[in-house]
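Participant: Dropping in input_19.txt, which is compact mmCIF, C-alpha atoms:
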```
# COMPACT_ATOMS: atom_id res chain seq x y z
CA MET A 67 9.93 11.81 8.65
CA ASN A 68 7.71 9.07 10.00
CA ASN A 69 4.67 10.72 11.61
CA SER A 70 4.62 8.02 14.31
CA ASN A 71 7.87 9.47 15.67
CA VAL A 72 6.52 13.02 15.99
CA ILE A 73 6.08 14.41 19.49
CA THR A 74 4.35 17.62 20.52
CA PHE A 75 5.82 19.44 23.50
CA GLY A 76 6.46 22.82 25.05
CA LYS A 77 5.21 24.68 28.11
CA ASN A 78 4.80 28.12 26.59
CA TYR A 79 4.77 27.23 22.90
CA LYS A 80 3.41 24.32 20.89
CA LEU A 81 6.45 22.70 19.28
CA LYS A 82 6.90 19.57 17.21
CA GLY A 83 9.89 17.25 17.33
CA SER A 84 11.22 13.88 16.31
CA LEU A 85 13.66 11.94 18.50
CA SER A 86 16.50 9.71 17.30
CA LYS A 87 17.96 7.75 20.22
CA PRO A 88 21.15 5.63 19.99
CA ARG A 89 20.35 1.91 20.06
CA GLY A 90 21.49 -0.12 23.03
CA MET A 91 22.14 2.90 25.22
CA ASP A 92 20.42 3.54 28.52
CA VAL A 93 19.07 7.04 29.09
CA SER A 94 21.59 7.51 31.90
CA GLU A 95 24.43 7.01 29.41
CA LEU A 96 23.43 9.92 27.22
CA ARG A 97 25.59 12.99 27.76
CA VAL A 98 25.11 15.27 24.75
CA GLY A 99 22.04 16.20 22.74
CA VAL A 100 21.79 17.62 19.23
CA ILE A 101 18.90 19.87 18.28
CA ILE A 102 18.39 20.23 14.53
CA LEU A 103 15.96 22.88 13.33
CA GLY A 104 14.21 21.30 10.38
CA MET A 105 12.65 18.06 9.25
CA GLY A 106 13.79 17.80 5.64
CA ILE A 107 15.71 14.99 3.97
CA ALA A 108 19.11 16.40 4.91
CA GLU A 109 18.07 16.78 8.56
CA VAL A 110 16.65 13.24 8.70
CA ARG A 111 19.93 11.84 7.36
CA MET A 112 21.93 13.83 9.89
CA ALA A 113 19.80 12.52 12.75
CA ARG A 114 20.35 8.93 11.64
CA GLN A 115 24.10 9.41 11.31
CA LEU A 116 24.59 11.25 14.57
CA LYS A 117 22.67 8.77 16.70
CA ARG A 118 25.22 6.17 15.58
CA LEU A 119 27.83 8.30 17.33
CA GLY A 120 25.94 7.93 20.61
CA LEU A 121 24.11 11.23 20.42
CA LEU A 122 20.47 11.85 21.20
CA VAL A 123 19.12 13.90 18.30
CA MET A 124 15.94 15.93 18.19
CA GLN A 125 14.68 17.42 14.96
CA VAL A 126 12.51 20.37 15.88
CA ARG A 127 9.89 22.49 14.20
CA LEU A 128 9.73 25.64 16.31
CA ILE A 129 6.19 26.38 15.13
CA GLY A 130 3.78 23.52 15.68
CA ASP A 131 0.92 24.97 13.63
CA SER A 132 1.47 23.97 9.98
CA GLU A 133 -0.44 26.92 8.50
CA THR A 134 1.66 29.44 10.41
CA PHE A 135 4.88 27.52 9.75
CA ASN A 136 4.24 27.58 5.99
CA ASN A 137 3.64 31.34 6.00
CA PRO A 138 7.14 32.86 5.53
CA ALA A 139 6.28 36.29 6.95
CA ALA A 140 4.56 34.82 10.02
CA GLN A 141 7.37 32.32 10.54
CA ARG A 142 10.04 35.03 10.44
CA ALA A 143 8.11 37.23 12.86
CA ILE A 144 7.73 34.40 15.37
CA TYR A 145 11.36 33.33 15.02
CA ASP A 146 12.47 36.90 15.63
CA ALA A 147 10.22 37.48 18.65
CA THR A 148 10.53 34.14 20.48
CA GLY A 149 12.98 31.93 18.58
CA ILE A 150 15.48 31.68 21.43
CA GLU A 151 12.79 30.80 23.98
CA ARG A 152 11.48 28.07 21.67
CA ILE A 153 14.90 26.45 21.28
CA GLN A 154 15.38 26.65 25.04
CA GLU A 155 12.10 24.79 25.50
CA ALA A 156 13.50 22.00 23.32
CA MET A 157 16.63 21.91 25.50
CA ASP A 158 14.51 21.87 28.65
CA TYR A 159 12.52 18.92 27.29
CA LEU A 160 15.66 16.88 26.64
CA ASP A 161 17.01 17.79 30.08
CA GLU A 162 13.81 16.86 31.92
CA ASN A 163 13.23 13.61 30.03
CA PHE A 164 16.78 12.39 29.38
CA GLY A 165 19.04 14.34 31.73
CA ILE A 166 20.85 16.02 28.83
CA LYS A 167 22.86 19.03 30.03
CA GLN A 168 24.94 19.92 26.96
CA PHE A 169 23.70 20.70 23.48
CA PHE A 170 24.74 21.18 19.89
CA LEU A 171 22.45 23.43 17.84
CA MET A 172 22.07 23.27 14.07
CA GLY A 173 19.90 25.41 11.78
CA THR A 174 19.72 26.83 8.27
CA CYS A 175 19.25 30.47 7.23
CA GLY A 176 16.89 32.04 9.82
CA GLY A 177 17.27 28.90 11.92
CA ALA A 178 21.03 29.45 11.88
CA ASN A 179 20.55 33.02 13.11
CA VAL A 180 18.31 31.95 15.99
CA SER A 181 20.68 29.10 16.88
CA LEU A 182 23.61 31.52 17.01
CA ASN A 183 21.78 33.95 19.28
CA THR A 184 20.65 31.11 21.53
CA THR A 185 24.26 29.96 21.84
CA VAL A 186 25.33 33.47 22.81
CA GLN A 187 22.73 33.58 25.60
CA ASP A 188 22.64 30.00 26.89
CA PRO A 189 25.79 28.38 28.37
CA ARG A 190 24.29 24.90 27.95
CA VAL A 191 25.19 25.08 24.26
CA VAL A 192 28.64 23.60 23.61
CA GLY A 193 28.46 23.28 19.83
CA LEU A 194 26.97 25.31 16.99
CA ILE A 195 26.44 24.55 13.29
CA PRO A 196 24.96 27.58 11.49
CA ILE A 197 24.22 26.77 7.83
CA ASN A 198 23.85 29.71 5.42
CA LEU A 199 23.75 32.23 8.27
CA HIS A 200 21.72 35.11 6.88
CA PHE A 201 22.81 38.74 6.82
CA ASN A 202 20.17 41.30 5.89
CA GLU A 203 20.05 42.39 2.24
CA LEU A 204 20.71 45.99 3.27
CA LEU A 205 24.16 44.78 4.28
CA THR A 206 24.92 42.24 1.56
CA GLN A 207 23.79 43.93 -1.65
CA ASP A 208 26.32 46.77 -1.67
CA VAL A 209 29.19 44.26 -1.44
CA VAL A 210 27.71 41.75 -3.88
CA ILE A 211 26.77 44.23 -6.61
CA LYS A 212 30.15 45.98 -6.42
CA GLN A 213 31.79 42.65 -7.17
CA LYS A 214 29.57 42.25 -10.24
CA LEU A 215 30.44 45.76 -11.42
CA ARG A 216 34.15 44.90 -11.19
CA SER A 217 33.68 41.67 -13.12
CA GLY A 218 34.81 41.85 -16.74
CA LYS A 219 32.83 38.70 -17.39
CA GLN A 220 29.66 40.36 -16.09
CA TRP A 221 30.19 43.46 -18.26
CA LYS A 222 30.88 41.35 -21.37
CA LYS A 223 27.76 39.33 -20.69
CA SER A 224 25.68 42.48 -20.23
CA ILE A 225 27.00 44.13 -23.42
CA GLY A 226 26.18 40.99 -25.38
CA ARG A 227 22.65 41.03 -24.01
CA LEU A 228 22.34 44.75 -24.80
CA PHE A 229 22.99 44.16 -28.50
CA SER A 230 20.72 41.13 -28.55
CA GLY A 231 17.93 43.01 -26.79
CA LYS A 232 17.99 40.63 -23.83
CA LEU A 233 19.67 42.87 -21.25
CA LYS A 234 18.19 42.56 -17.80
CA THR A 235 19.16 45.39 -15.48
CA LYS A 236 17.91 43.82 -12.26
CA TRP A 237 21.42 43.50 -10.80
CA LEU A 238 22.20 47.15 -11.64
CA ARG A 239 18.93 48.35 -10.09
CA ARG A 240 19.73 46.33 -6.98
CA TYR A 241 23.10 48.09 -6.75
CA LEU A 242 21.51 51.55 -7.00
CA MET A 243 18.92 50.64 -4.37
CA ALA A 244 21.68 49.33 -2.13
CA LYS A 245 23.52 52.64 -2.47
CA LEU A 246 20.36 54.59 -1.63
CA LYS A 247 19.62 52.37 1.37
CA ARG A 248 23.20 51.78 2.44
CA SER A 249 23.18 51.03 6.15
CA SER A 250 25.58 49.84 8.79
CA GLN A 251 24.86 46.62 10.64
CA SER A 252 23.89 48.53 13.79
CA GLU A 253 21.47 50.67 11.76
CA VAL A 254 19.86 47.53 10.33
CA VAL A 255 19.27 46.29 13.86
CA GLU A 256 17.45 49.55 14.62
CA GLN A 257 15.55 49.94 11.35
CA TRP A 258 14.68 46.47 10.08
CA ASP A 259 11.68 44.39 11.12
CA TRP A 260 14.07 41.77 12.49
CA HIS A 261 15.46 43.30 15.65
CA LYS A 262 15.86 40.46 18.14
CA ASP A 263 16.40 36.71 17.79
CA MET A 264 16.81 36.70 13.97
CA VAL A 265 19.46 39.40 13.71
CA VAL A 266 23.12 38.44 13.35
CA PRO A 267 24.88 40.14 16.27
CA VAL A 268 26.78 43.33 15.60
CA ASN A 269 30.54 42.66 15.72
CA LEU A 270 30.02 38.99 14.82
CA ASP A 271 33.75 38.27 15.01
CA GLU A 272 33.88 39.34 18.65
CA ARG A 273 30.82 37.24 19.51
CA LEU A 274 32.29 34.16 17.83
CA GLU A 275 35.61 34.69 19.60
CA ALA A 276 33.82 34.93 22.95
CA LEU A 277 31.99 31.68 22.21
CA THR A 278 35.18 29.81 21.35
CA GLU A 279 36.80 31.13 24.52
CA ARG A 280 33.80 29.73 26.40
CA GLY A 281 34.61 26.36 24.86
CA VAL A 282 31.96 26.28 22.13
CA ASN A 283 32.90 24.40 18.95
CA ILE A 284 31.57 26.05 15.79
CA LEU A 285 31.17 24.63 12.30
CA MET A 286 29.90 27.32 9.92
CA ILE A 287 28.71 26.08 6.53
CA TYR A 288 27.76 28.03 3.41
CA ALA A 289 26.69 27.31 -0.14
CA GLN A 290 29.15 29.12 -2.39
CA SER A 291 26.35 31.10 -4.08
CA GLU A 292 25.12 32.79 -0.90
CA ASP A 293 25.30 36.60 -0.85
CA SER A 294 25.74 36.37 2.91
CA LEU A 295 28.97 34.41 2.38
CA THR A 296 30.31 37.21 0.18
CA TYR A 297 29.51 39.74 2.89
CA LEU A 298 30.93 37.52 5.63
CA LYS A 299 34.28 37.16 3.87
CA LYS A 300 34.47 40.82 2.93
CA THR A 301 33.74 41.95 6.49
CA TYR A 302 35.25 39.28 8.73
CA ASP A 303 37.72 37.24 6.68
CA THR A 304 40.85 38.09 8.70
CA ALA A 305 39.10 37.58 12.03
CA LEU A 306 37.69 34.21 10.92
CA GLU A 307 41.12 33.00 9.83
CA LYS A 308 42.40 33.85 13.30
CA LEU A 309 39.50 31.99 14.90
CA ALA A 310 40.12 28.94 12.71
CA ALA A 311 43.74 28.85 13.83
CA GLY A 312 42.51 28.46 17.41
CA GLY A 313 40.95 25.08 16.59
CA ARG A 314 37.36 25.65 17.71
CA PHE A 315 36.04 27.39 14.58
CA THR A 316 35.70 25.90 11.10
CA LEU A 317 34.25 27.44 7.95
CA LYS A 318 33.23 25.09 5.13
CA VAL A 319 31.96 26.20 1.71
CA ILE A 320 30.03 23.76 -0.47
CA GLU A 321 30.08 24.23 -4.24
CA THR A 322 26.37 24.45 -4.86
CA ASP A 323 23.70 27.00 -5.73
CA THR A 324 21.27 25.32 -3.34
CA HIS A 325 20.04 27.36 -0.40
CA VAL A 326 18.08 24.58 1.32
CA PHE A 327 20.22 21.47 1.15
CA SER A 328 17.29 19.09 1.46
CA THR A 329 16.20 20.09 -2.05
CA ASP A 330 19.36 18.74 -3.70
CA GLU A 331 20.52 15.13 -3.31
CA VAL A 332 24.22 15.71 -4.02
CA SER A 333 24.47 18.81 -1.81
CA ALA A 334 22.62 17.06 1.02
CA THR A 335 25.13 14.18 0.88
CA ILE A 336 28.13 16.54 0.96
CA LEU A 337 26.60 18.47 3.85
CA ASN A 338 25.99 15.32 5.85
CA ASP A 339 29.53 14.06 5.29
CA ILE A 340 31.00 17.35 6.51
CA VAL A 341 28.81 17.41 9.62
CA ASN A 342 29.43 13.74 10.45
CA ASP A 343 33.22 14.06 10.14
CA TRP A 344 33.20 17.18 12.32
CA PHE A 345 31.15 15.45 15.02
CA GLU A 346 33.32 12.34 15.01
CA ASN A 347 36.31 14.48 15.99
CA ARG A 348 34.49 16.07 18.92
CA VAL A 349 32.11 13.58 20.48
CA LYS A 350 34.80 11.62 22.34
CA ALA A 351 35.88 14.74 24.20
CA LEU A 352 32.34 15.20 25.46
CA ALA A 353 31.68 11.58 26.42
```
Please go through the file and, once you have read it, give me the structure as C-alpha cells.

Facilitator:
Amino acid sequence: MNNSNVITFGKNYKLKGSLSKPRGMDVSELRVGVIILGMGIAEVRMARQLKRLGLLVMQVRLIGDSETFNNPAAQRAIYDATGIERIQEAMDYLDENFGIKQFFLMGTCGGANVSLNTTVQDPRVVGLIPINLHFNELLTQDVVIKQKLRSGKQWKKSIGRLFSGKLKTKWLRRYLMAKLKRSSQSEVVEQWDWHKDMVVPVNLDERLEALTERGVNILMIYAQSEDSLTYLKKTYDTALEKLAAGGRFTLKVIETDTHVFSTDEVSATILNDIVNDWFENRVKALA
C-alpha cells in the first residue's frame, strides 16, 4: 500500500485506512461502500478490482498503533472488546464524508468473526464476506482429530513412522486434550477469553438465515485446510445447503493450505477472482 494514501480517522479509536475511489464518479453517485479489514497484497488487489465496479473501497486497520497491531494477543483482545465499534467508526466515516449508507464487510480469520458480528448488529451492512471464519479450537479439535483417527491413510503413515522411529504423536495428544476439554459452543462463549466481538455466534445457522432474510448477501470463503471448515461442515452442512438454495448465501472452498491469502500468489489470485465475480452479480441491484 502506498503510504501517501493512508488516512488516520476515528472519534473514539485511532484507525488507519486507505481509500480507493472509482475514477470519473462524483461523490454523489456513490451508493455502496466496501470495507476490507487488512492491507496485504490480496486486499490491495481486491480494492483495485472493486473500484472498477463503481464501489468506494476502504482498506482498514482497526488498530492504528503498529506495535499493538503486531502483537497477536493484544490485537485479539482489542478486536474482541471493541471490534464492532471500530468497524462502525469506519462506516460512519464513509457516511459523513461520502454519503455512503450501505456497506459490504470483508475480513479474514478474526476479522471475519468481527465482520460477522457487526453485520448481525448493524442494519447498514448489506453484504458480508467472511474468509476463514474462525471457530475456537475447543470446538474444532474433537471433530478434526476424530477424522484423522478414522483415516486408514493416517494410521498407515503413523505405523510407518513408528517403525522408523519418526512417529510424532502431536495429533494424538491434541485429540486426548480435546476430549478432556470437550465443550459446547455456548460453554466456549462463557469460558474462553474471547466472549464478545470475536466469538462466532451460537446457532450460526440461525444467525445466517436471519441475515439472508434481512436481505444480506453472504459469500463465505475457506481454505480447504482450515480446521474451522471441517467443524463448519460437520455442524452446519445441511443448514448451509438450505441457505445456498435461497440464493443469498454462497460457500466457496479454495484448494490451498494458506491461511492468509496475501502470503501466496496463486491463492490470492483465486480469491480475488471469486470475490470479483460475486460482486459483479450483485452491484447492479444496489446501484

Participant: Residues within 9 Å of A:Ala289, please, as a PyMOL selection string. Count all atoms listed in the file; anything in the same chain fewer than 5 positions from it doesn't count.

Facilitator: chain A and resi 197-198+295+318-325+327+333

Participant: In Å, with one decimal, what is the gap from atom CA of A:Thr304 to atom CA of A:Asp271?

Facilitator: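 Here the two named atoms are 9.5 Å from each other.
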
Participant: Can you tell me, as a ChimeraX atom specification, what residues are no more than 10 Å from stretch 166-171 of chain A when counting all atoms listed in the file, ignoring any on the same chain fewer than 6 positions away?

Facilitator: /A:93-103,121-124,153,157-160,177-178,180-182,184-185,188-196,282-284,345,352

Participant: Measure the distance from atom CA of A:Leu306 to atom CA of A:Gly173 in Å and round it to one decimal.

Facilitator: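 Computed distance, atom CA of A:Leu306 to atom CA of A:Gly173, equals 19.9 Å.
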
Participant: Got a sec: who's within 12 Å of A:Asn347, counting all atoms listed in the file, leaving out chain neighbours fewer than 6 positions off, as an MDAnalysis selection string?

Facilitator: chainID A and resid 119 283 285 313:314 340:341 353

Participant: Please check which residues have atoms at most 6 Å from (5.7, 20.2, 16.4) in the file's coordinates, counting only C-alpha atoms, and write them as a ChimeraX atom specification.

Facilitator: /A:74,81-83,127,130

Participant: Skipping near chain neighbours, those fewer than 6 positions away, what residues fall within 12 Å of A:Lys299 using all atoms listed in the file, listed as number ranges by chain?

Facilitator: A: 201, 206, 209-210, 270-271, 288, 290, 292-293, 305-307, 317, 319

Participant: Around stretch 324-340 of chain A, fit a box with edges along x, y and z, padding it by 3 Å on each side, then list its centre and edge lengths in Å to one decimal as lines of an AutoDock Vina configuration file.

Facilitator:
```
center_x = 23.6
center_y = 20.7
center_z = 1.2
size_x = 20.8
size_y = 19.3
size_z = 16.5
```

Participant: Atom CA of A:Ala139 and atom CA of A:Pro267, how far apart in Å?

Facilitator: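 Atom-to-atom, atom CA of A:Pro267 to atom CA of A:Ala139, that is 21.2 Å.
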
Participant: Give me, as a PyMOL selection string, all polymer residues having an atom no more than 12 Å from A:Gly106, counting all atoms listed in the file and skipping those fewer than 2 positions away in the same chain.

Facilitator: chain A and resi 67-68+84+102-104+108-113+125-127+173-174+326-331+334

Participant: So, counting only C-alpha atoms, which residue among A:Cys175, A:Ile107, A:Val332, A:Leu205 is closest to A:Leu298?

Facilitator: A:Leu205

Participant: Could you complete stretch 122-157 of chain A so that it carries N, CA and C atoms, and give it back as an mmCIF file, keeping the file's coordinate frame?

Facilitator:
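So the final result, stored in result19.cif, reads:
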```
data_model
loop_
_atom_site.group_PDB
_atom_site.id
_atom_site.type_symbol
_atom_site.label_atom_id
_atom_site.label_comp_id
_atom_site.auth_asym_id
_atom_site.auth_seq_id
_atom_site.Cartn_x
_atom_site.Cartn_y
_atom_site.Cartn_z
ATOM 1 N N LEU A 122 21.921 11.728 21.274
ATOM 2 C CA LEU A 122 20.470 11.850 21.200
ATOM 3 C C LEU A 122 20.164 13.063 20.325
ATOM 4 N N VAL A 123 19.395 12.839 19.273
ATOM 5 C CA VAL A 123 19.120 13.900 18.300
ATOM 6 C C VAL A 123 17.632 14.207 18.283
ATOM 7 N N MET A 124 17.324 15.489 18.338
ATOM 8 C CA MET A 124 15.940 15.930 18.190
ATOM 9 C C MET A 124 15.837 16.883 17.011
ATOM 10 N N GLN A 125 15.046 16.485 16.011
ATOM 11 C CA GLN A 125 14.680 17.420 14.960
ATOM 12 C C GLN A 125 13.482 18.211 15.463
ATOM 13 N N VAL A 126 13.539 19.513 15.289
ATOM 14 C CA VAL A 126 12.510 20.370 15.880
ATOM 15 C C VAL A 126 11.909 21.297 14.839
ATOM 16 N N ARG A 127 10.595 21.432 14.912
ATOM 17 C CA ARG A 127 9.890 22.490 14.200
ATOM 18 C C ARG A 127 9.437 23.468 15.274
ATOM 19 N N LEU A 128 9.982 24.670 15.240
ATOM 20 C CA LEU A 128 9.730 25.640 16.310
ATOM 21 C C LEU A 128 8.313 26.190 16.303
ATOM 22 N N ILE A 129 7.587 25.957 15.218
ATOM 23 C CA ILE A 129 6.190 26.380 15.130
ATOM 24 C C ILE A 129 5.356 25.133 14.853
ATOM 25 N N GLY A 130 4.536 24.749 15.813
ATOM 26 C CA GLY A 130 3.780 23.520 15.680
ATOM 27 C C GLY A 130 2.639 23.600 14.682
ATOM 28 N N ASP A 131 2.047 24.783 14.535
ATOM 29 C CA ASP A 131 0.920 24.970 13.630
ATOM 30 C C ASP A 131 1.413 25.029 12.185
ATOM 31 N N SER A 132 0.977 24.086 11.350
ATOM 32 C CA SER A 132 1.470 23.970 9.980
ATOM 33 C C SER A 132 1.144 25.197 9.135
ATOM 34 N N GLU A 133 -0.046 25.759 9.295
ATOM 35 C CA GLU A 133 -0.440 26.920 8.500
ATOM 36 C C GLU A 133 0.464 28.111 8.780
ATOM 37 N N THR A 134 0.759 28.342 10.042
ATOM 38 C CA THR A 134 1.660 29.440 10.410
ATOM 39 C C THR A 134 3.080 29.152 9.954
ATOM 40 N N PHE A 135 3.527 27.901 10.132
ATOM 41 C CA PHE A 135 4.880 27.520 9.750
ATOM 42 C C PHE A 135 5.120 27.731 8.257
ATOM 43 N N ASN A 136 4.109 27.471 7.445
ATOM 44 C CA ASN A 136 4.240 27.580 5.990
ATOM 45 C C ASN A 136 3.995 28.992 5.475
ATOM 46 N N ASN A 137 3.775 29.933 6.375
ATOM 47 C CA ASN A 137 3.640 31.340 6.000
ATOM 48 C C ASN A 137 4.965 32.033 6.313
ATOM 49 N N PRO A 138 5.794 32.324 5.280
ATOM 50 C CA PRO A 138 7.140 32.860 5.530
ATOM 51 C C PRO A 138 7.183 34.094 6.408
ATOM 52 N N ALA A 139 6.278 35.050 6.163
ATOM 53 C CA ALA A 139 6.280 36.290 6.950
ATOM 54 C C ALA A 139 5.945 35.998 8.408
ATOM 55 N N ALA A 140 4.943 35.163 8.645
ATOM 56 C CA ALA A 140 4.560 34.820 10.020
ATOM 57 C C ALA A 140 5.665 34.023 10.709
ATOM 58 N N GLN A 141 6.284 33.125 9.967
ATOM 59 C CA GLN A 141 7.370 32.320 10.540
ATOM 60 C C GLN A 141 8.530 33.209 10.973
ATOM 61 N N ARG A 142 8.926 34.141 10.108
ATOM 62 C CA ARG A 142 10.040 35.030 10.440
ATOM 63 C C ARG A 142 9.723 35.887 11.661
ATOM 64 N N ALA A 143 8.494 36.389 11.724
ATOM 65 C CA ALA A 143 8.110 37.230 12.860
ATOM 66 C C ALA A 143 8.168 36.466 14.171
ATOM 67 N N ILE A 144 7.712 35.216 14.157
ATOM 68 C CA ILE A 144 7.730 34.400 15.370
ATOM 69 C C ILE A 144 9.153 34.024 15.743
ATOM 70 N N TYR A 145 9.950 33.641 14.754
ATOM 71 C CA TYR A 145 11.360 33.330 15.020
ATOM 72 C C TYR A 145 12.062 34.514 15.657
ATOM 73 N N ASP A 146 11.782 35.705 15.130
ATOM 74 C CA ASP A 146 12.470 36.900 15.630
ATOM 75 C C ASP A 146 12.036 37.230 17.051
ATOM 76 N N ALA A 147 10.741 37.075 17.337
ATOM 77 C CA ALA A 147 10.220 37.480 18.650
ATOM 78 C C ALA A 147 10.514 36.463 19.747
ATOM 79 N N THR A 148 10.428 35.168 19.423
ATOM 80 C CA THR A 148 10.530 34.140 20.480
ATOM 81 C C THR A 148 11.370 32.933 20.086
ATOM 82 N N GLY A 149 12.198 33.068 19.049
ATOM 83 C CA GLY A 149 12.980 31.930 18.580
ATOM 84 C C GLY A 149 13.884 31.326 19.636
ATOM 85 N N ILE A 150 14.572 32.164 20.400
ATOM 86 C CA ILE A 150 15.480 31.680 21.430
ATOM 87 C C ILE A 150 14.710 30.907 22.501
ATOM 88 N N GLU A 151 13.595 31.468 22.949
ATOM 89 C CA GLU A 151 12.790 30.800 23.980
ATOM 90 C C GLU A 151 12.299 29.443 23.488
ATOM 91 N N ARG A 152 11.975 29.328 22.220
ATOM 92 C CA ARG A 152 11.480 28.070 21.670
ATOM 93 C C ARG A 152 12.584 27.004 21.638
ATOM 94 N N ILE A 153 13.789 27.405 21.249
ATOM 95 C CA ILE A 153 14.900 26.450 21.280
ATOM 96 C C ILE A 153 15.201 26.039 22.718
ATOM 97 N N GLN A 154 15.126 26.977 23.633
ATOM 98 C CA GLN A 154 15.380 26.650 25.040
ATOM 99 C C GLN A 154 14.335 25.673 25.581
ATOM 100 N N GLU A 155 13.105 25.761 25.090
ATOM 101 C CA GLU A 155 12.100 24.790 25.500
ATOM 102 C C GLU A 155 12.466 23.383 25.017
ATOM 103 N N ALA A 156 13.046 23.298 23.831
ATOM 104 C CA ALA A 156 13.500 22.000 23.320
ATOM 105 C C ALA A 156 14.633 21.462 24.203
ATOM 106 N N MET A 157 15.550 22.335 24.607
ATOM 107 C CA MET A 157 16.630 21.910 25.500
ATOM 108 C C MET A 157 16.077 21.481 26.854
#
```
